[in-house]
Amino acid sequence: MKKLTILSLLLMVGFAAYAQGKRVETTTKTESVTVDYKTQYKSSFFDNIYVQGSFGGAVLMGEQDSHLSFKDRVKHGFAIAIGKQITPVFGVRLSVDGNRLKGWNAGGGIYPNYLEDPRKVYLESKGVDTRFGYIQDLKYYSLGADVMVNLINLFSKEKKSDRAVDVELYIGAAALTTIERKGVDGRTLFAARGGLSTTYNVTKRIGINIDLGVTGTSSTFDGQSGMKTDFDGILSGKVGLKWKIGKQGFRTTHAISSEQYAALSNYLAMVKTEQMEKGKPEEKVVVIPAEKDNILIPYVVFHDGKDTFNQELQMVNISNVAKLMQANPQYTIEIVGNTNATKAEIAESRANKVKEILVNRYSVNADKLVVKTEDMGDNSQTVHFITK
C-alpha cells in the first residue's frame with residue numbers, strides 16, 4: 001500500500017469589481033486528504049505477447065550417468081515458446097522443447113529381465129558388447145507451461161515493462177515424450193521444471209535471451225528403475241531471441257476501499273460546490289411546511305424519460321441536501337420520484353440514483369434515506385426530498 005495525497009488548490013485570483021458600490025474579494029484555500037491505495041496494472045488480452053526461439057544443450061543426470069564424462073553427455077536441443085506478461089511482475093509461457101540425451105546403463109533397468117532390455121538387445125544385434133553396460137541414446141520432446149516472475153520488478157518500487165535487462169524466475173510443468181528408436185521405448189512422463197531466464201533488450205521489440213533450467217522426472221525416464229534415486233534430472237542451457245509483438249505496456253489504476261472512496265468523493269464534491277458557489281449568494285435548503293411533513297427545495301431535475309441528469313447543474317442541489325443531513329443526522333428524508341406523467345419504474349430508478357449519490361459520495365447514513373414514488377405535481381422529471 002502507498003500513500004496518495006490529493007492536494008486541492010482552489011486558486012481564485014483576487015479581483016476588484018464594483019457592483020452596487022461594494023468590492024468583492026476571493027481567497028485561496030488549501031486542503032489535503034490522505035488515502036491508502038493499491039496500484040493495479042491492466043492490459044487487453046492480446047497485449048504484452050512475445051515469441052521466443054532458442055538453441056543450446058542439455059545433460060542427463062541419471063543413476064549411473066557419471067560413468068560418462070560431463071562433456072560426453074552434453075547434447076544439443078532447441079526450444080520454441082510463446083508467452084504473455086500479465087503484470088509487470090507475473091507472466092505465463094508455453095513452450096515446445098526437443099533434445100537429445102546420452103547416459104549410461106549398467107543394469108537395473110525397468111525390465112524384469114535385464115537380458116530382455118530392448119536397447120541392450122538392439123545394441124548386441126549391432127555387435128556392441130553390453131556385458132558391463134551400454135550407452136543410452138535418447139531423443140525426446142516436451143510440451144510445458146511456466147509461470148514467470150520478473151525478479152527486478154518484484155523487488156523494485158518502480159514496476160517497468162521496458163527495462164534494458166529482465167531477469168525472470170520460472171516454475172512450471174511439462175510432459176516429456178521419448179521417441180521410439182534404436183531399441184528405446186517411447187513413453188510419456190510428467191516432469192517439474194524451473195530455472196532462470198535473462199533477456200537483454202536490444203530494442204523495444206527484440207531481445208537476446210539466455211535460459212538456464214533444470215527438469216526433474218521419474219527415474220524410469222532413461223530406462224532404469226532407480227537404483228539410487230527416484231528421479232532423473234536434466235540440466236539445460238539455451239541462447240536465443242525474444243520478439244515482443246503487438247502492443248506493450250500497462251495502464252495503471254489506483255484501487256481504494258469503498259469507504260475511502262466515499263470519503264474522498266464527498267470531499268471533492270464539497271470543494272467543487274464551494275468553488276461553484278464562490279462569489280454568489282449562498283444557497284440553502286428551503287423548508288416548505290406541508291400538512292404532515294416538510295418539503296425541501298431545491299429538487300433534482302432529470303432528463304426527459306431517463307434516469308440521468310445534468311451533473312454540473314443539479315449536483316449542487318444534492319450537495320445541499322447532504323449538508324442538511326450532515327448537520328442534522330437525526331433527520332430521516334424521503335427521496336420521492338415524481339410519477340406525474342412518468343412511469344413508476346423510471347421514477348423509482350431516479351430516486352435510487354439520488355440515494356446512491358448521497359450514500360456513496362457524501363457518506364449519508366443509508367438508513368436515514370427512504371426511496372418512494374408519488375405524484376408530486378406538474379414537473380414530471382423531478383426527484384423531491386421530504387423530511388420526516
# chains A, B, ... in the order shown; residues from 1 in each chain; ligands from 1

$ residues_around --residues "segment 160-177 of chain A" --least-positions-apart "2" --cutoff "8 Å" --atoms "only C-alpha atoms" --output "mmCIF file with all heavy atoms, in the first residue's frame"
data_model
loop_
_atom_site.group_PDB
_atom_site.id
_atom_site.type_symbol
_atom_site.label_atom_id
_atom_site.label_comp_id
_atom_site.auth_asym_id
_atom_site.auth_seq_id
_atom_site.Cartn_x
_atom_site.Cartn_y
_atom_site.Cartn_z
ATOM 1 N N PRO A 88 3.517 -6.344 -14.662
ATOM 2 C CA PRO A 88 4.961 -6.140 -14.739
ATOM 3 C C PRO A 88 5.764 -7.186 -13.962
ATOM 4 O O PRO A 88 6.960 -7.351 -14.202
ATOM 5 C CB PRO A 88 5.152 -4.738 -14.139
ATOM 6 C CG PRO A 88 3.860 -4.039 -14.410
ATOM 7 C CD PRO A 88 2.825 -5.104 -14.256
ATOM 8 N N TYR A 140 13.962 -36.846 -27.245
ATOM 9 C CA TYR A 140 12.647 -36.594 -26.657
ATOM 10 C C TYR A 140 12.190 -35.186 -27.014
ATOM 11 O O TYR A 140 12.970 -34.322 -27.418
ATOM 12 C CB TYR A 140 12.692 -36.768 -25.138
ATOM 13 C CG TYR A 140 13.278 -35.589 -24.405
ATOM 14 C CD1 TYR A 140 12.459 -34.586 -23.880
ATOM 15 C CD2 TYR A 140 14.660 -35.449 -24.244
ATOM 16 C CE1 TYR A 140 12.984 -33.503 -23.223
ATOM 17 C CE2 TYR A 140 15.193 -34.363 -23.587
ATOM 18 C CZ TYR A 140 14.350 -33.388 -23.071
ATOM 19 O OH TYR A 140 14.878 -32.306 -22.422
ATOM 20 N N TYR A 141 10.903 -34.970 -26.836
ATOM 21 C CA TYR A 141 10.367 -33.623 -26.945
ATOM 22 C C TYR A 141 9.445 -33.401 -25.758
ATOM 23 O O TYR A 141 8.958 -34.352 -25.135
ATOM 24 C CB TYR A 141 9.626 -33.401 -28.268
ATOM 25 C CG TYR A 141 8.416 -34.271 -28.469
ATOM 26 C CD1 TYR A 141 7.158 -33.871 -28.022
ATOM 27 C CD2 TYR A 141 8.523 -35.506 -29.116
ATOM 28 C CE1 TYR A 141 6.044 -34.665 -28.207
ATOM 29 C CE2 TYR A 141 7.412 -36.312 -29.304
ATOM 30 C CZ TYR A 141 6.177 -35.894 -28.850
ATOM 31 O OH TYR A 141 5.079 -36.691 -29.025
ATOM 32 N N SER A 142 9.202 -32.165 -25.428
ATOM 33 C CA SER A 142 8.358 -31.840 -24.267
ATOM 34 C C SER A 142 7.423 -30.693 -24.598
ATOM 35 O O SER A 142 7.757 -29.808 -25.398
ATOM 36 C CB SER A 142 9.206 -31.491 -23.050
ATOM 37 O OG SER A 142 9.863 -30.252 -23.235
ATOM 38 N N LEU A 143 6.270 -30.704 -23.970
ATOM 39 C CA LEU A 143 5.296 -29.618 -24.048
ATOM 40 C C LEU A 143 5.062 -29.140 -22.626
ATOM 41 O O LEU A 143 4.635 -29.912 -21.774
ATOM 42 C CB LEU A 143 3.989 -30.090 -24.682
ATOM 43 C CG LEU A 143 2.854 -29.065 -24.768
ATOM 44 C CD1 LEU A 143 3.260 -27.902 -25.660
ATOM 45 C CD2 LEU A 143 1.584 -29.721 -25.292
ATOM 46 N N GLY A 144 5.377 -27.871 -22.369
ATOM 47 C CA GLY A 144 5.302 -27.396 -20.993
ATOM 48 C C GLY A 144 4.717 -26.012 -20.843
ATOM 49 O O GLY A 144 4.536 -25.272 -21.815
ATOM 50 N N ALA A 145 4.408 -25.671 -19.599
ATOM 51 C CA ALA A 145 3.871 -24.355 -19.252
ATOM 52 C C ALA A 145 4.600 -23.859 -18.008
ATOM 53 O O ALA A 145 4.870 -24.636 -17.088
ATOM 54 C CB ALA A 145 2.375 -24.429 -18.994
ATOM 55 N N ASP A 146 4.905 -22.561 -17.990
ATOM 56 C CA ASP A 146 5.652 -21.976 -16.883
ATOM 57 C C ASP A 146 4.985 -20.702 -16.385
ATOM 58 O O ASP A 146 4.345 -19.975 -17.147
ATOM 59 C CB ASP A 146 7.081 -21.626 -17.316
ATOM 60 C CG ASP A 146 7.838 -22.820 -17.858
ATOM 61 O OD1 ASP A 146 7.981 -23.798 -17.112
ATOM 62 O OD2 ASP A 146 8.273 -22.770 -19.025
ATOM 63 N N VAL A 147 5.137 -20.452 -15.093
ATOM 64 C CA VAL A 147 4.801 -19.157 -14.502
ATOM 65 C C VAL A 147 6.097 -18.375 -14.386
ATOM 66 O O VAL A 147 7.087 -18.874 -13.837
ATOM 67 C CB VAL A 147 4.152 -19.322 -13.117
ATOM 68 C CG1 VAL A 147 3.929 -17.963 -12.465
ATOM 69 C CG2 VAL A 147 2.835 -20.075 -13.231
ATOM 70 N N MET A 148 6.108 -17.152 -14.926
ATOM 71 C CA MET A 148 7.305 -16.324 -14.958
ATOM 72 C C MET A 148 7.194 -15.204 -13.924
ATOM 73 O O MET A 148 6.151 -14.558 -13.801
ATOM 74 C CB MET A 148 7.487 -15.707 -16.345
ATOM 75 C CG MET A 148 7.281 -16.668 -17.517
ATOM 76 S SD MET A 148 8.548 -17.946 -17.622
ATOM 77 C CE MET A 148 9.976 -16.972 -18.073
ATOM 78 N N VAL A 149 8.265 -14.988 -13.163
ATOM 79 C CA VAL A 149 8.297 -13.928 -12.151
ATOM 80 C C VAL A 149 9.479 -13.008 -12.453
ATOM 81 O O VAL A 149 10.637 -13.436 -12.394
ATOM 82 C CB VAL A 149 8.434 -14.507 -10.735
ATOM 83 C CG1 VAL A 149 8.422 -13.374 -9.706
ATOM 84 C CG2 VAL A 149 7.322 -15.505 -10.441
ATOM 85 N N ASN A 150 9.185 -11.759 -12.777
ATOM 86 C CA ASN A 150 10.235 -10.779 -13.058
ATOM 87 C C ASN A 150 10.831 -10.321 -11.726
ATOM 88 O O ASN A 150 10.205 -9.577 -10.962
ATOM 89 C CB ASN A 150 9.662 -9.591 -13.826
ATOM 90 C CG ASN A 150 10.725 -8.651 -14.339
ATOM 91 O OD1 ASN A 150 11.572 -8.191 -13.582
ATOM 92 N ND2 ASN A 150 10.680 -8.351 -15.626
ATOM 93 N N LEU A 151 12.036 -10.768 -11.432
ATOM 94 C CA LEU A 151 12.645 -10.509 -10.130
ATOM 95 C C LEU A 151 12.974 -9.045 -9.917
ATOM 96 O O LEU A 151 12.877 -8.534 -8.789
ATOM 97 C CB LEU A 151 13.908 -11.362 -9.982
ATOM 98 C CG LEU A 151 13.688 -12.881 -10.005
ATOM 99 C CD1 LEU A 151 15.021 -13.605 -9.855
ATOM 100 C CD2 LEU A 151 12.735 -13.305 -8.892
ATOM 101 N N ILE A 152 13.359 -8.339 -10.973
ATOM 102 C CA ILE A 152 13.696 -6.921 -10.824
ATOM 103 C C ILE A 152 12.454 -6.122 -10.450
ATOM 104 O O ILE A 152 12.472 -5.306 -9.523
ATOM 105 C CB ILE A 152 14.336 -6.374 -12.110
ATOM 106 C CG1 ILE A 152 15.653 -7.110 -12.399
ATOM 107 C CG2 ILE A 152 14.583 -4.878 -11.990
ATOM 108 C CD1 ILE A 152 16.354 -6.660 -13.665
ATOM 109 N N ASN A 153 11.350 -6.364 -11.154
ATOM 110 C CA ASN A 153 10.109 -5.655 -10.820
ATOM 111 C C ASN A 153 9.533 -6.101 -9.492
ATOM 112 O O ASN A 153 8.879 -5.316 -8.793
ATOM 113 C CB ASN A 153 9.072 -5.849 -11.928
ATOM 114 C CG ASN A 153 9.323 -4.962 -13.126
ATOM 115 O OD1 ASN A 153 9.969 -3.927 -13.013
ATOM 116 N ND2 ASN A 153 8.836 -5.357 -14.282
ATOM 117 N N GLU A 158 9.498 0.719 -8.534
ATOM 118 C CA GLU A 158 9.054 1.165 -9.852
ATOM 119 C C GLU A 158 8.897 -0.034 -10.775
ATOM 120 O O GLU A 158 9.874 -0.704 -11.116
ATOM 121 C CB GLU A 158 10.067 2.149 -10.437
ATOM 122 C CG GLU A 158 9.566 2.887 -11.662
ATOM 123 C CD GLU A 158 10.518 3.985 -12.106
ATOM 124 O OE1 GLU A 158 11.597 4.111 -11.498
ATOM 125 O OE2 GLU A 158 10.172 4.705 -13.053
ATOM 126 N N ILE A 179 11.201 -40.609 -27.933
ATOM 127 C CA ILE A 179 10.911 -41.110 -29.277
ATOM 128 C C ILE A 179 11.414 -42.544 -29.396
ATOM 129 O O ILE A 179 12.553 -42.846 -29.045
ATOM 130 C CB ILE A 179 11.579 -40.219 -30.337
ATOM 131 C CG1 ILE A 179 11.034 -38.782 -30.220
ATOM 132 C CG2 ILE A 179 11.346 -40.768 -31.733
ATOM 133 C CD1 ILE A 179 11.736 -37.800 -31.124
ATOM 134 N N GLY A 186 9.210 -45.779 -26.522
ATOM 135 C CA GLY A 186 8.549 -44.478 -26.439
ATOM 136 C C GLY A 186 7.656 -44.440 -25.209
ATOM 137 O O GLY A 186 6.877 -45.353 -24.962
ATOM 138 N N ARG A 187 7.764 -43.398 -24.403
ATOM 139 C CA ARG A 187 6.924 -43.259 -23.214
ATOM 140 C C ARG A 187 6.764 -41.771 -22.913
ATOM 141 O O ARG A 187 7.597 -40.955 -23.297
ATOM 142 C CB ARG A 187 7.526 -43.996 -22.015
ATOM 143 C CG ARG A 187 8.855 -43.468 -21.543
ATOM 144 C CD ARG A 187 9.356 -44.207 -20.314
ATOM 145 N NE ARG A 187 9.668 -45.585 -20.649
ATOM 146 C CZ ARG A 187 10.880 -45.971 -21.063
ATOM 147 N NH1 ARG A 187 11.844 -45.071 -21.225
ATOM 148 N NH2 ARG A 187 11.119 -47.220 -21.340
ATOM 149 N N THR A 188 5.699 -41.443 -22.205
ATOM 150 C CA THR A 188 5.432 -40.054 -21.811
ATOM 151 C C THR A 188 5.353 -39.979 -20.297
ATOM 152 O O THR A 188 4.616 -40.744 -19.668
ATOM 153 C CB THR A 188 4.116 -39.537 -22.422
ATOM 154 O OG1 THR A 188 4.215 -39.574 -23.848
ATOM 155 C CG2 THR A 188 3.839 -38.106 -21.982
ATOM 156 N N LEU A 189 6.106 -39.068 -19.723
ATOM 157 C CA LEU A 189 6.161 -38.908 -18.270
ATOM 158 C C LEU A 189 5.949 -37.448 -17.894
ATOM 159 O O LEU A 189 6.272 -36.529 -18.653
ATOM 160 C CB LEU A 189 7.521 -39.378 -17.731
ATOM 161 C CG LEU A 189 7.871 -40.858 -17.934
ATOM 162 C CD1 LEU A 189 9.305 -41.116 -17.486
ATOM 163 C CD2 LEU A 189 6.917 -41.747 -17.160
ATOM 164 N N PHE A 190 5.417 -37.249 -16.690
ATOM 165 C CA PHE A 190 5.237 -35.893 -16.153
ATOM 166 C C PHE A 190 6.563 -35.406 -15.573
ATOM 167 O O PHE A 190 7.337 -36.187 -15.002
ATOM 168 C CB PHE A 190 4.167 -35.902 -15.061
ATOM 169 C CG PHE A 190 4.077 -34.606 -14.303
ATOM 170 C CD1 PHE A 190 3.373 -33.533 -14.818
ATOM 171 C CD2 PHE A 190 4.708 -34.471 -13.070
ATOM 172 C CE1 PHE A 190 3.296 -32.342 -14.119
ATOM 173 C CE2 PHE A 190 4.630 -33.282 -12.363
ATOM 174 C CZ PHE A 190 3.914 -32.218 -12.896
ATOM 175 N N ALA A 191 6.820 -34.113 -15.690
ATOM 176 C CA ALA A 191 8.053 -33.533 -15.158
ATOM 177 C C ALA A 191 7.776 -32.157 -14.558
ATOM 178 O O ALA A 191 6.885 -31.433 -15.015
ATOM 179 C CB ALA A 191 9.105 -33.410 -16.261
ATOM 180 N N ALA A 192 8.525 -31.815 -13.532
ATOM 181 C CA ALA A 192 8.510 -30.471 -12.954
ATOM 182 C C ALA A 192 9.802 -29.776 -13.362
ATOM 183 O O ALA A 192 10.843 -30.419 -13.496
ATOM 184 C CB ALA A 192 8.391 -30.531 -11.437
ATOM 185 N N ARG A 193 9.734 -28.465 -13.566
ATOM 186 C CA ARG A 193 10.921 -27.758 -14.014
ATOM 187 C C ARG A 193 10.960 -26.341 -13.471
ATOM 188 O O ARG A 193 9.954 -25.794 -13.014
ATOM 189 C CB ARG A 193 10.991 -27.723 -15.531
ATOM 190 C CG ARG A 193 9.893 -26.901 -16.211
ATOM 191 C CD ARG A 193 9.957 -27.051 -17.715
ATOM 192 N NE ARG A 193 9.029 -26.180 -18.413
ATOM 193 C CZ ARG A 193 8.848 -26.179 -19.733
ATOM 194 N NH1 ARG A 193 9.538 -27.030 -20.479
ATOM 195 N NH2 ARG A 193 8.004 -25.352 -20.306
ATOM 196 N N GLY A 194 12.139 -25.764 -13.500
ATOM 197 C CA GLY A 194 12.316 -24.392 -13.049
ATOM 198 C C GLY A 194 13.646 -23.872 -13.551
ATOM 199 O O GLY A 194 14.484 -24.625 -14.052
ATOM 200 N N GLY A 195 13.848 -22.569 -13.417
ATOM 201 C CA GLY A 195 15.105 -22.012 -13.886
ATOM 202 C C GLY A 195 15.109 -20.511 -13.876
ATOM 203 O O GLY A 195 14.246 -19.862 -13.259
ATOM 204 N N LEU A 196 16.091 -19.959 -14.553
ATOM 205 C CA LEU A 196 16.289 -18.520 -14.620
ATOM 206 C C LEU A 196 16.418 -18.108 -16.086
ATOM 207 O O LEU A 196 17.183 -18.705 -16.842
ATOM 208 C CB LEU A 196 17.552 -18.136 -13.854
ATOM 209 C CG LEU A 196 17.683 -16.683 -13.400
ATOM 210 C CD1 LEU A 196 16.599 -16.350 -12.379
ATOM 211 C CD2 LEU A 196 19.059 -16.448 -12.787
ATOM 212 N N SER A 197 15.658 -17.084 -16.467
ATOM 213 C CA SER A 197 15.678 -16.582 -17.843
ATOM 214 C C SER A 197 16.062 -15.108 -17.826
ATOM 215 O O SER A 197 15.397 -14.292 -17.177
ATOM 216 C CB SER A 197 14.300 -16.767 -18.490
ATOM 217 O OG SER A 197 14.290 -16.304 -19.822
ATOM 218 N N THR A 198 17.131 -14.779 -18.528
ATOM 219 C CA THR A 198 17.615 -13.399 -18.577
ATOM 220 C C THR A 198 17.552 -12.887 -20.015
ATOM 221 O O THR A 198 18.002 -13.567 -20.940
ATOM 222 C CB THR A 198 19.069 -13.306 -18.073
ATOM 223 O OG1 THR A 198 19.129 -13.824 -16.747
ATOM 224 C CG2 THR A 198 19.551 -11.867 -18.076
ATOM 225 N N THR A 199 16.987 -11.696 -20.185
ATOM 226 C CA THR A 199 16.849 -11.106 -21.514
ATOM 227 C C THR A 199 17.484 -9.723 -21.544
ATOM 228 O O THR A 199 17.176 -8.867 -20.715
ATOM 229 C CB THR A 199 15.366 -10.989 -21.914
ATOM 230 O OG1 THR A 199 14.738 -12.272 -21.860
ATOM 231 C CG2 THR A 199 15.233 -10.431 -23.323
ATOM 232 N N TYR A 200 18.382 -9.529 -22.494
ATOM 233 C CA TYR A 200 18.943 -8.203 -22.754
ATOM 234 C C TYR A 200 18.170 -7.618 -23.934
ATOM 235 O O TYR A 200 18.230 -8.116 -25.052
ATOM 236 C CB TYR A 200 20.431 -8.282 -23.084
ATOM 237 C CG TYR A 200 21.005 -6.973 -23.561
ATOM 238 C CD1 TYR A 200 21.083 -5.874 -22.698
ATOM 239 C CD2 TYR A 200 21.433 -6.813 -24.872
ATOM 240 C CE1 TYR A 200 21.585 -4.661 -23.135
ATOM 241 C CE2 TYR A 200 21.946 -5.602 -25.318
ATOM 242 C CZ TYR A 200 22.021 -4.528 -24.448
ATOM 243 O OH TYR A 200 22.512 -3.321 -24.881
ATOM 244 N N ASN A 201 17.409 -6.555 -23.679
ATOM 245 C CA ASN A 201 16.544 -5.962 -24.693
ATOM 246 C C ASN A 201 17.350 -5.018 -25.581
ATOM 247 O O ASN A 201 17.671 -3.887 -25.193
ATOM 248 C CB ASN A 201 15.389 -5.222 -24.018
ATOM 249 C CG ASN A 201 14.484 -6.169 -23.250
ATOM 250 O OD1 ASN A 201 13.907 -7.096 -23.812
ATOM 251 N ND2 ASN A 201 14.377 -5.951 -21.942
ATOM 252 N N VAL A 202 17.680 -5.503 -26.774
ATOM 253 C CA VAL A 202 18.476 -4.717 -27.728
ATOM 254 C C VAL A 202 17.669 -3.529 -28.233
ATOM 255 O O VAL A 202 18.182 -2.418 -28.374
ATOM 256 C CB VAL A 202 18.932 -5.600 -28.899
ATOM 257 C CG1 VAL A 202 19.779 -4.801 -29.871
ATOM 258 C CG2 VAL A 202 19.697 -6.811 -28.387
ATOM 259 N N LYS A 204 13.155 -2.084 -28.445
ATOM 260 C CA LYS A 204 11.879 -2.223 -27.755
ATOM 261 C C LYS A 204 11.174 -3.534 -28.115
ATOM 262 O O LYS A 204 10.287 -3.990 -27.390
ATOM 263 C CB LYS A 204 10.963 -1.043 -28.085
ATOM 264 C CG LYS A 204 11.445 0.280 -27.517
ATOM 265 C CD LYS A 204 10.456 1.396 -27.835
ATOM 266 C CE LYS A 204 10.921 2.711 -27.229
ATOM 267 N NZ LYS A 204 9.975 3.826 -27.513
ATOM 268 N N GLN A 248 2.642 -3.149 -26.207
ATOM 269 C CA GLN A 248 3.356 -3.457 -24.983
ATOM 270 C C GLN A 248 3.080 -2.375 -23.936
ATOM 271 O O GLN A 248 2.833 -1.219 -24.258
ATOM 272 C CB GLN A 248 4.861 -3.548 -25.245
ATOM 273 C CG GLN A 248 5.248 -4.605 -26.266
ATOM 274 C CD GLN A 248 5.038 -6.017 -25.762
ATOM 275 O OE1 GLN A 248 5.401 -6.358 -24.645
ATOM 276 N NE2 GLN A 248 4.443 -6.859 -26.610
ATOM 277 N N GLY A 249 3.141 -2.768 -22.669
ATOM 278 C CA GLY A 249 2.932 -1.812 -21.584
ATOM 279 C C GLY A 249 1.599 -2.014 -20.889
ATOM 280 O O GLY A 249 0.753 -2.818 -21.311
ATOM 281 N N PHE A 250 1.390 -1.280 -19.787
ATOM 282 C CA PHE A 250 0.209 -1.446 -18.948
ATOM 283 C C PHE A 250 -0.415 -0.099 -18.609
ATOM 284 O O PHE A 250 0.268 0.919 -18.531
ATOM 285 C CB PHE A 250 0.577 -2.152 -17.639
ATOM 286 C CG PHE A 250 1.114 -3.545 -17.827
ATOM 287 C CD1 PHE A 250 2.472 -3.766 -18.002
ATOM 288 C CD2 PHE A 250 0.255 -4.629 -17.841
ATOM 289 C CE1 PHE A 250 2.971 -5.040 -18.185
ATOM 290 C CE2 PHE A 250 0.742 -5.908 -18.029
ATOM 291 C CZ PHE A 250 2.096 -6.115 -18.199
#

$ select_by_dssp --residues "segment 85-253 of chain A" --states "alpha helix (DSSP H)" --output "PyMOL selection string"
chain A and resi 118-125+151-154

$ closest_residue --among "A:Lys75, A:Leu68, A:Trp104, A:Ile49" --to "Val92 of chain A" --atoms "only C-alpha atoms"
A:Ile49

$ closest_residue --among "A:Val121, A:Ile357, A:Ile335, A:Ala344" --to "Gln314 of chain A" --atoms "only C-alpha atoms"
A:Ile357

$ select_by_dssp --residues "segment 25-237 of chain A" --states "strand (DSSP E)" --output "number ranges by chain"
A: 29-42, 49-61, 75-85, 90-105, 134-150, 165-178, 188-201, 206-218, 231-237

$ closest_residue --among "A:Ser319, A:Phe70, A:Gln64, A:Gly207" --to "Gly133 of chain A" --atoms "only C-alpha atoms"
A:Gln64

$ closest_residue --among "A:Ser219, A:Ser349, A:Thr387, A:Thr382" --to "Val321 of chain A" --atoms "only C-alpha atoms"
A:Thr387

$ atom_distance --atom1 "atom CA of Thr252 of chain A" --atom2 "atom CA of Phe155 of chain A"
18.2 Å
